[in-house]
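What's in work36.pdb: PDB, C-alpha atoms, pLDDT in the B column
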MODEL        1
ATOM      1  CA  MET D 257      -5.131   2.686 -27.464  1.00 58.00           C
ATOM      2  CA  ALA D 258      -7.548   0.391 -25.633  1.00 65.00           C
ATOM      3  CA  ASN D 259      -9.636   1.983 -22.906  1.00 75.00           C
ATOM      4  CA  PHE D 260     -10.291  -0.450 -20.056  1.00 78.00           C
ATOM      5  CA  LYS D 261      -9.875  -1.075 -16.322  1.00 84.00           C
ATOM      6  CA  LEU D 262      -8.621  -4.343 -14.911  1.00 88.00           C
ATOM      7  CA  CYS D 263     -10.033  -5.492 -11.563  1.00 88.00           C
ATOM      8  CA  PHE D 264      -8.498  -8.081  -9.262  1.00 87.00           C
ATOM      9  CA  LEU D 265     -10.900  -9.564  -6.720  1.00 87.00           C
ATOM     10  CA  ASP D 266     -10.126 -11.167  -3.377  1.00 85.00           C
ATOM     11  CA  GLU D 267     -11.044 -14.786  -2.626  1.00 86.00           C
ATOM     12  CA  LYS D 268     -14.609 -13.844  -1.678  1.00 83.00           C
ATOM     13  CA  SER D 269     -15.041 -11.413  -4.606  1.00 80.00           C
ATOM     14  CA  GLU D 270     -15.869  -8.645  -2.130  1.00 78.00           C
ATOM     15  CA  ASP D 271     -12.781  -6.463  -2.266  1.00 85.00           C
ATOM     16  CA  GLU D 272     -10.965  -5.349  -5.390  1.00 89.00           C
ATOM     17  CA  ILE D 273      -7.922  -3.653  -6.780  1.00 91.00           C
ATOM     18  CA  GLN D 274      -8.421  -1.691  -9.995  1.00 92.00           C
ATOM     19  CA  VAL D 275      -5.576  -0.705 -12.249  1.00 94.00           C
ATOM     20  CA  PHE D 276      -5.551   1.422 -15.386  1.00 94.00           C
ATOM     21  CA  CYS D 277      -3.651   4.144 -17.186  1.00 93.00           C
ATOM     22  CA  ASN D 278      -5.355   7.499 -16.617  1.00 91.00           C
ATOM     23  CA  THR D 279      -5.618  10.467 -18.992  1.00 91.00           C
ATOM     24  CA  GLU D 280      -2.327  11.869 -17.660  1.00 93.00           C
ATOM     25  CA  ASN D 281      -0.492   8.646 -18.588  1.00 93.00           C
ATOM     26  CA  LYS D 282      -0.079   7.734 -14.927  1.00 95.00           C
ATOM     27  CA  ILE D 283      -0.765   4.271 -13.580  1.00 96.00           C
ATOM     28  CA  PHE D 284      -3.813   4.465 -11.307  1.00 95.00           C
ATOM     29  CA  LEU D 285      -4.248   1.839  -8.555  1.00 94.00           C
ATOM     30  CA  SER D 286      -7.391   1.757  -6.437  1.00 91.00           C
ATOM     31  CA  ILE D 287      -8.164  -0.560  -3.510  1.00 89.00           C
ATOM     32  CA  ASN D 288     -11.819  -0.901  -2.522  1.00 85.00           C
ATOM     33  CA  ASP D 289     -13.044  -2.721   0.601  1.00 79.00           C
ATOM     34  CA  ASP D 290     -16.791  -3.425   0.468  1.00 67.00           C
ATOM     35  CA  GLU D 291     -16.929  -4.786   4.045  1.00 64.00           C
ATOM     36  CA  LEU D 292     -16.318  -1.287   5.353  1.00 60.00           C
ATOM     37  CA  GLY D 293     -19.270   0.231   3.501  1.00 58.00           C
ATOM     38  CA  SER D 294     -19.486   2.348   0.387  1.00 58.00           C
ATOM     39  CA  PRO D 295     -16.570   1.807  -2.033  1.00 53.00           C
ATOM     40  CA  TYR D 296     -16.426   5.570  -2.552  1.00 60.00           C
ATOM     41  CA  VAL D 297     -15.819   6.188   1.145  1.00 67.00           C
ATOM     42  CA  ASN D 298     -13.723   3.110   1.909  1.00 74.00           C
ATOM     43  CA  SER D 299     -11.214   3.073  -0.873  1.00 82.00           C
ATOM     44  CA  ALA D 300      -7.681   4.249  -1.339  1.00 86.00           C
ATOM     45  CA  PHE D 301      -5.848   5.088  -4.508  1.00 91.00           C
ATOM     46  CA  ILE D 302      -2.441   6.090  -5.758  1.00 95.00           C
ATOM     47  CA  THR D 303      -1.121   7.226  -9.124  1.00 96.00           C
ATOM     48  CA  LEU D 304       2.378   6.251 -10.170  1.00 97.00           C
ATOM     49  CA  ASP D 305       4.559   7.630 -12.915  1.00 97.00           C
ATOM     50  CA  ILE D 306       5.871   5.058 -15.376  1.00 96.00           C
ATOM     51  CA  ASP D 307       9.317   4.647 -13.772  1.00 97.00           C
ATOM     52  CA  THR D 308       7.810   4.176 -10.311  1.00 97.00           C
ATOM     53  CA  ALA D 309       5.225   1.713 -11.666  1.00 96.00           C
ATOM     54  CA  ILE D 310       8.042  -0.322 -13.237  1.00 97.00           C
ATOM     55  CA  LYS D 311       9.941  -0.398  -9.926  1.00 97.00           C
ATOM     56  CA  PHE D 312       6.717  -1.366  -8.102  1.00 96.00           C
ATOM     57  CA  SER D 313       6.033  -4.216 -10.546  1.00 96.00           C
ATOM     58  CA  LYS D 314       9.580  -5.561 -10.109  1.00 97.00           C
ATOM     59  CA  GLU D 315       9.261  -5.439  -6.329  1.00 97.00           C
ATOM     60  CA  LEU D 316       5.850  -7.124  -6.482  1.00 96.00           C
ATOM     61  CA  ARG D 317       7.283  -9.922  -8.647  1.00 97.00           C
ATOM     62  CA  ARG D 318      10.152 -10.351  -6.179  1.00 97.00           C
ATOM     63  CA  HIS D 319       7.750 -10.736  -3.253  1.00 97.00           C
ATOM     64  CA  ILE D 320       5.580 -13.153  -5.232  1.00 97.00           C
ATOM     65  CA  ALA D 321       8.666 -15.296  -5.866  1.00 97.00           C
ATOM     66  CA  ILE D 322       9.522 -15.240  -2.142  1.00 97.00           C
ATOM     67  CA  ALA D 323       5.969 -16.256  -1.178  1.00 96.00           C
ATOM     68  CA  LYS D 324       5.919 -18.999  -3.816  1.00 97.00           C
ATOM     69  CA  SER D 325       9.246 -20.338  -2.567  1.00 96.00           C
ATOM     70  CA  ASN D 326       7.969 -20.354   1.013  1.00 96.00           C
ATOM     71  CA  VAL D 327       4.812 -22.256  -0.003  1.00 95.00           C
ATOM     72  CA  GLU D 328       6.863 -24.847  -1.896  1.00 94.00           C
ATOM     73  CA  PHE D 329       9.214 -25.243   1.071  1.00 93.00           C
ATOM     74  CA  GLU D 330       6.286 -25.738   3.446  1.00 93.00           C
ATOM     75  CA  LYS D 331       4.799 -28.379   1.130  1.00 91.00           C
ATOM     76  CA  GLU D 332       8.125 -30.233   1.028  1.00 89.00           C
ATOM     77  CA  GLN D 333       8.358 -30.117   4.814  1.00 91.00           C
ATOM     78  CA  ALA D 334       4.803 -31.421   5.192  1.00 90.00           C
ATOM     79  CA  ASN D 335       5.461 -34.296   2.771  1.00 88.00           C
ATOM     80  CA  GLY D 336       8.583 -35.330   4.620  1.00 73.00           C
TER
ENDMDL
END
Would you kindly transcribe this structure into structure tokens?
Amino acid sequence: MANFKLCFLDEKSEDEIQVFCNTENKIFLSINDDELGSPYVNSAFITLDIDTAIKFSKELRRHIAIAKSNVEFEKEQANG
């Protein structure tokens, strides 16, 4: 199995979310905020079992679809 971490950066590339599968086969999510200081002090993390991670991913996709729909609606309203 591949051994890597995937990082998602904010618009300014200052804050990040890391995601990877840990040695216990749990999905590890870490949020680091560099504006607050050291990433070791100013970070939060959670580990999810596989079933919970699947539910989380479905809910995240649902909210992305809602946000995308709202953006498209706002564009249509702005264009008349």
* Apply the PyMOL selection byres ((chain D and resi 265) around 12) to the file shown and report the selected residues as a ChimeraX atom specification. => /D:262-264,266-275,286-290
* Asked: Looking at all atoms listed in the file, which of D:Lys282, D:Phe260, D:Gly336, D:Phe276 is the one that sits closest to D:Asp307?
  -> D:Lys282
* Excluding same-chain residues fewer than 4 positions from D:Ala309, what lies within 10 Å of it counting all atoms listed in the file, as a list in words? ->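 Selected residues are Lys282, Ile283, Phe284, Leu285, Thr303, Leu304, Asp305, Ser313, Lys314 and Glu315 of chain D.
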* Atom-to-atom span, atom CA of D:Thr279 and atom CA of D:Asn259, Å -> 10.2 Å
Edge lengths and centre in Å to one decimal, as JSON, of the axis-aligned box that encloses all listed atoms of stretch 321-330 of chain D with 3 Å added on every side?
{"center_x": 7.2, "center_y": -20.5, "center_z": -1.2, "size_x": 10.7, "size_y": 16.5, "size_z": 15.3}
* To do: Record the distance separating atom CA of D:Glu280 and atom CA of D:Leu316, expressed in Å with one decimal.
  => 23.5 Å
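Pairwise distance (atom CA of D:Arg318, atom CA of D:Ile302) equals 20.7 Å.
Shortest atom-to-atom contact with D:Ile306 among D:Cys277, D:Asn335, D:Lys261, D:Lys324: D:Cys277, counting all atoms listed in the file.
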All heavy atoms modelled onto stretch 271-282 of chain D, as a compact mmCIF listing (two decimals), in the frame of the given file:
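Below is the file rebuild07.txt, written as the result:
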# COMPACT_ATOMS: atom_id res chain seq x y z
N ASP D 271 -13.71 -7.58 -2.18
CA ASP D 271 -12.78 -6.46 -2.27
C ASP D 271 -12.07 -6.53 -3.61
O ASP D 271 -11.94 -7.59 -4.20
CB ASP D 271 -11.76 -6.52 -1.13
CG ASP D 271 -12.42 -6.57 0.24
OD1 ASP D 271 -13.49 -5.95 0.39
OD2 ASP D 271 -11.88 -7.23 1.13
N GLU D 272 -11.60 -5.36 -4.08
CA GLU D 272 -10.96 -5.35 -5.39
C GLU D 272 -9.84 -4.34 -5.47
O GLU D 272 -9.80 -3.37 -4.71
CB GLU D 272 -11.99 -5.05 -6.48
CG GLU D 272 -12.51 -3.63 -6.45
CD GLU D 272 -13.53 -3.35 -7.54
OE1 GLU D 272 -14.16 -4.28 -8.04
OE2 GLU D 272 -13.68 -2.17 -7.88
N ILE D 273 -8.96 -4.61 -6.38
CA ILE D 273 -7.92 -3.65 -6.78
C ILE D 273 -8.17 -3.37 -8.25
O ILE D 273 -8.29 -4.29 -9.06
CB ILE D 273 -6.50 -4.21 -6.59
CG1 ILE D 273 -6.22 -4.48 -5.11
CG2 ILE D 273 -5.47 -3.25 -7.17
CD1 ILE D 273 -4.89 -5.14 -4.85
N GLN D 274 -8.28 -2.10 -8.60
CA GLN D 274 -8.42 -1.69 -9.99
C GLN D 274 -7.11 -1.08 -10.45
O GLN D 274 -6.44 -0.39 -9.68
CB GLN D 274 -9.51 -0.64 -10.15
CG GLN D 274 -10.90 -1.12 -9.92
CD GLN D 274 -11.91 -0.02 -10.19
OE1 GLN D 274 -11.61 1.00 -10.79
NE2 GLN D 274 -13.13 -0.25 -9.75
N VAL D 275 -6.77 -1.31 -11.69
CA VAL D 275 -5.58 -0.70 -12.25
C VAL D 275 -5.87 -0.28 -13.69
O VAL D 275 -6.52 -0.98 -14.43
CB VAL D 275 -4.35 -1.66 -12.18
CG1 VAL D 275 -4.59 -2.93 -12.96
CG2 VAL D 275 -3.09 -0.97 -12.63
N PHE D 276 -5.42 0.93 -14.02
CA PHE D 276 -5.55 1.42 -15.39
C PHE D 276 -4.62 2.61 -15.59
O PHE D 276 -4.09 3.18 -14.65
CB PHE D 276 -7.00 1.79 -15.72
CG PHE D 276 -7.61 2.88 -14.87
CD1 PHE D 276 -7.53 4.20 -15.24
CD2 PHE D 276 -8.27 2.56 -13.69
CE1 PHE D 276 -8.11 5.20 -14.45
CE2 PHE D 276 -8.84 3.53 -12.90
CZ PHE D 276 -8.76 4.85 -13.28
N CYS D 277 -4.44 2.97 -16.83
CA CYS D 277 -3.65 4.14 -17.19
C CYS D 277 -4.63 5.31 -17.34
O CYS D 277 -5.56 5.24 -18.13
CB CYS D 277 -2.91 3.89 -18.49
SG CYS D 277 -1.87 5.26 -19.01
N ASN D 278 -4.41 6.38 -16.57
CA ASN D 278 -5.36 7.50 -16.62
C ASN D 278 -5.02 8.45 -17.77
O ASN D 278 -4.10 8.21 -18.55
CB ASN D 278 -5.45 8.21 -15.27
CG ASN D 278 -4.19 8.97 -14.88
OD1 ASN D 278 -3.31 9.21 -15.70
ND2 ASN D 278 -4.09 9.34 -13.62
N THR D 279 -5.78 9.53 -17.88
CA THR D 279 -5.62 10.47 -18.99
C THR D 279 -4.30 11.23 -18.94
O THR D 279 -3.89 11.82 -19.94
CB THR D 279 -6.78 11.48 -19.02
OG1 THR D 279 -6.83 12.17 -17.76
CG2 THR D 279 -8.10 10.78 -19.28
N GLU D 280 -3.63 11.20 -17.80
CA GLU D 280 -2.33 11.87 -17.66
C GLU D 280 -1.17 10.90 -17.86
O GLU D 280 -0.03 11.21 -17.54
CB GLU D 280 -2.23 12.53 -16.29
CG GLU D 280 -3.27 13.60 -16.06
CD GLU D 280 -3.28 14.11 -14.63
OE1 GLU D 280 -2.57 13.55 -13.77
OE2 GLU D 280 -4.01 15.07 -14.37
N ASN D 281 -1.48 9.70 -18.37
CA ASN D 281 -0.49 8.65 -18.59
C ASN D 281 0.21 8.23 -17.30
O ASN D 281 1.39 7.92 -17.29
CB ASN D 281 0.51 9.03 -19.67
CG ASN D 281 -0.14 9.12 -21.01
OD1 ASN D 281 -0.95 8.27 -21.37
ND2 ASN D 281 0.16 10.16 -21.76
N LYS D 282 -0.54 8.23 -16.22
CA LYS D 282 -0.08 7.73 -14.93
C LYS D 282 -0.80 6.42 -14.67
O LYS D 282 -1.93 6.21 -15.12
CB LYS D 282 -0.39 8.71 -13.79
CG LYS D 282 0.14 10.11 -13.98
CD LYS D 282 1.54 10.22 -13.51
CE LYS D 282 1.97 11.68 -13.66
NZ LYS D 282 3.21 11.94 -13.06
